[in-house]
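Below is one structure; the comments refer to it alone.
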Amino acid sequence: MFAIFQKHESTNEDDSINDSPQALIIRSVFESGDDFGSEDELNSLRQLEDNLDRIFADNNYDLDGHEVGDGEFVLYAYGDDVDRMLELAKEPLRESPFIWFNITLRYGAVDDENAKETHTRVKLSTRDR
């Protein structure tokens, strides 16, 4: 279960959400301290990515891939309902070994400077470590 789920900011004063492409951006850190993650962490990232890809594809959303470096990873997904995408992502995130996530919900195209954007910090409530 998510212990922390806080919305932080919006970059657009107009809170209307349009039908443009939307983005779900998931960011987390590697606990090993390795800039590119340990072998186990990279395997866990691949498993998380596979789980998200399967769920998103079943719902006509697109997991575009990930970036790794500076001790963190970022996953990018796109679709027409970013709130639904986040709901679908919660279970795979819970099941992953990563402890916390910074999540960006972007309600509009990547090149739309006026798109509404919210930032949420999510921490899993219990993990066996």
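In the structure tokens, chains take the letters A, B, ... in the order shown, each chain's residues start at 1, and ligands count up from 1 in the order shown.
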
Identify, on the basis of only C-alpha atoms, every residue whose closest approach to Leu75 in chain A does not exceed 8 Å; exclude the query and any residue fewer than 6 positions from it along the same chain; express the result as a PDB file with N, CA, C and O atoms, in the first residue's frame.
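File written: selection_37.pdb
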ATOM      1  N   ILE A  25       5.646   9.756 -15.988  1.00  0.00           N
ATOM      2  CA  ILE A  25       7.093   9.658 -15.846  1.00  0.00           C
ATOM      3  C   ILE A  25       7.385   9.177 -14.432  1.00  0.00           C
ATOM      4  O   ILE A  25       6.972   9.809 -13.457  1.00  0.00           O
ATOM      5  N   ILE A  26       8.074   8.043 -14.325  1.00  0.00           N
ATOM      6  CA  ILE A  26       8.358   7.403 -13.037  1.00  0.00           C
ATOM      7  C   ILE A  26       9.868   7.422 -12.827  1.00  0.00           C
ATOM      8  O   ILE A  26      10.615   6.915 -13.649  1.00  0.00           O
ATOM      9  N   ARG A  27      10.293   7.999 -11.699  1.00  0.00           N
ATOM     10  CA  ARG A  27      11.719   8.129 -11.400  1.00  0.00           C
ATOM     11  C   ARG A  27      11.996   7.514 -10.028  1.00  0.00           C
ATOM     12  O   ARG A  27      11.215   7.670  -9.096  1.00  0.00           O
ATOM     13  N   GLU A  49       9.816  -2.980 -15.810  1.00  0.00           N
ATOM     14  CA  GLU A  49       9.488  -2.472 -17.140  1.00  0.00           C
ATOM     15  C   GLU A  49       8.639  -3.485 -17.918  1.00  0.00           C
ATOM     16  O   GLU A  49       7.654  -3.110 -18.564  1.00  0.00           O
ATOM     17  N   LEU A  63       4.529   2.117 -23.143  1.00  0.00           N
ATOM     18  CA  LEU A  63       5.716   2.300 -22.314  1.00  0.00           C
ATOM     19  C   LEU A  63       6.872   2.515 -23.278  1.00  0.00           C
ATOM     20  O   LEU A  63       7.229   1.619 -24.039  1.00  0.00           O
ATOM     21  N   ASP A  64       7.428   3.711 -23.263  1.00  0.00           N
ATOM     22  CA  ASP A  64       8.415   4.105 -24.267  1.00  0.00           C
ATOM     23  C   ASP A  64       9.834   3.680 -23.917  1.00  0.00           C
ATOM     24  O   ASP A  64      10.713   3.731 -24.761  1.00  0.00           O
ATOM     25  N   GLY A  65      10.072   3.270 -22.684  1.00  0.00           N
ATOM     26  CA  GLY A  65      11.410   2.833 -22.314  1.00  0.00           C
ATOM     27  C   GLY A  65      11.902   3.524 -21.063  1.00  0.00           C
ATOM     28  O   GLY A  65      11.125   4.114 -20.315  1.00  0.00           O
ATOM     29  N   HIS A  66      13.226   3.445 -20.861  1.00  0.00           N
ATOM     30  CA  HIS A  66      13.807   4.007 -19.643  1.00  0.00           C
ATOM     31  C   HIS A  66      15.154   4.648 -19.934  1.00  0.00           C
ATOM     32  O   HIS A  66      15.763   4.402 -20.972  1.00  0.00           O
ATOM     33  N   GLU A  67      15.577   5.461 -18.989  1.00  0.00           N
ATOM     34  CA  GLU A  67      16.924   6.033 -18.974  1.00  0.00           C
ATOM     35  C   GLU A  67      17.553   5.659 -17.640  1.00  0.00           C
ATOM     36  O   GLU A  67      16.868   5.603 -16.624  1.00  0.00           O
TER      37      GLU A  67
END

Calculated over only C-alpha atoms, which of the candidates A:Tyr107, A:Phe36, A:Trp100, A:Tyr78 has the smallest distance to Phe56 in chain A?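 Nearest candidate to Phe56 in chain A out of A:Tyr107, A:Phe36, A:Trp100, A:Tyr78: A:Tyr78.
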
Assign secondary structure with DSSP using the backbone only, and return the residues of range 8-82 of chain A in alpha helix (DSSP H) as a list in words. Glu39, Asp40, Glu41, Leu42, Asn43, Ser44, Leu45, Arg46, Gln47, Leu48, Glu49, Asp50, Asn51, Leu52, Asp53, Arg54, Ile55, Phe56, Ala57, Asp58 and Val82 of chain A

From a DSSP calculation on the backbone, collect every residue of range 3-115 of chain A in strand (DSSP E or B) and output the set as a VMD selection string. chain A and resid 3 to 7 22 to 29 62 to 69 72 to 79 100 to 107

Filtering to C-alpha atoms, could you give me those residues as an mmCIF file, in the first residue's frame?
data_model
loop_
_atom_site.group_PDB
_atom_site.id
_atom_site.type_symbol
_atom_site.label_atom_id
_atom_site.label_comp_id
_atom_site.auth_asym_id
_atom_site.auth_seq_id
_atom_site.Cartn_x
_atom_site.Cartn_y
_atom_site.Cartn_z
ATOM 1 C CA ALA A 3 2.258 5.290 2.513
ATOM 2 C CA ILE A 4 2.802 8.697 0.924
ATOM 3 C CA PHE A 5 0.847 10.068 -1.999
ATOM 4 C CA GLN A 6 1.144 13.832 -2.235
ATOM 5 C CA LYS A 7 0.526 16.126 -5.191
ATOM 6 C CA GLN A 22 -0.384 12.533 -21.821
ATOM 7 C CA ALA A 23 2.756 11.267 -20.095
ATOM 8 C CA LEU A 24 3.481 9.254 -16.961
ATOM 9 C CA ILE A 25 7.093 9.658 -15.846
ATOM 10 C CA ILE A 26 8.358 7.403 -13.037
ATOM 11 C CA ARG A 27 11.719 8.129 -11.400
ATOM 12 C CA SER A 28 13.568 6.264 -8.630
ATOM 13 C CA VAL A 29 17.093 5.782 -7.287
ATOM 14 C CA ASP A 62 2.735 2.888 -24.605
ATOM 15 C CA LEU A 63 5.716 2.300 -22.314
ATOM 16 C CA ASP A 64 8.415 4.105 -24.267
ATOM 17 C CA GLY A 65 11.410 2.833 -22.314
ATOM 18 C CA HIS A 66 13.807 4.007 -19.643
ATOM 19 C CA GLU A 67 16.924 6.033 -18.974
ATOM 20 C CA VAL A 68 19.592 5.033 -16.444
ATOM 21 C CA GLY A 69 22.388 7.145 -14.967
ATOM 22 C CA GLU A 72 18.664 6.681 -10.823
ATOM 23 C CA PHE A 73 16.306 5.465 -13.510
ATOM 24 C CA VAL A 74 13.380 7.081 -15.299
ATOM 25 C CA LEU A 75 10.533 5.250 -17.064
ATOM 26 C CA TYR A 76 8.371 6.987 -19.691
ATOM 27 C CA ALA A 77 4.826 6.003 -20.671
ATOM 28 C CA TYR A 78 2.303 7.752 -22.926
ATOM 29 C CA GLY A 79 -1.440 7.534 -23.498
ATOM 30 C CA TRP A 100 10.096 5.151 -3.412
ATOM 31 C CA PHE A 101 9.171 6.857 -6.654
ATOM 32 C CA ASN A 102 8.807 10.414 -7.889
ATOM 33 C CA ILE A 103 5.963 10.423 -10.371
ATOM 34 C CA THR A 104 5.116 13.135 -12.879
ATOM 35 C CA LEU A 105 1.686 13.235 -14.504
ATOM 36 C CA ARG A 106 1.733 15.415 -17.611
ATOM 37 C CA TYR A 107 -1.647 16.342 -19.103
#

Could you check which of A:Glu39, A:Asp80, A:Asp70, A:Glu87 is closest to Ile55 in chain A, using only C-alpha atoms?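 Using only C-alpha atoms, Ile55 in chain A sits closest to A:Glu87.
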
Point out the residue among A:Leu45, A:Pro21, A:Lys90, A:Val82 with the least atom-to-atom distance to Val110 in chain A, counting only C-alpha atoms. A:Pro21

Selected residue of minimal separation from Arg84 in chain A among A:Asn60, A:Ala109, A:Asn43, A:Phe30, counting only C-alpha atoms: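 Between A:Asn60, A:Ala109, A:Asn43, A:Phe30, the residue approaching Arg84 in chain A most closely is A:Asn60.
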
Rounded to one decimal in Å, what is the spacing between CA of Arg94 in chain A and CA of Ala57 in chain A?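 These atoms are spaced 19.3 Å apart.
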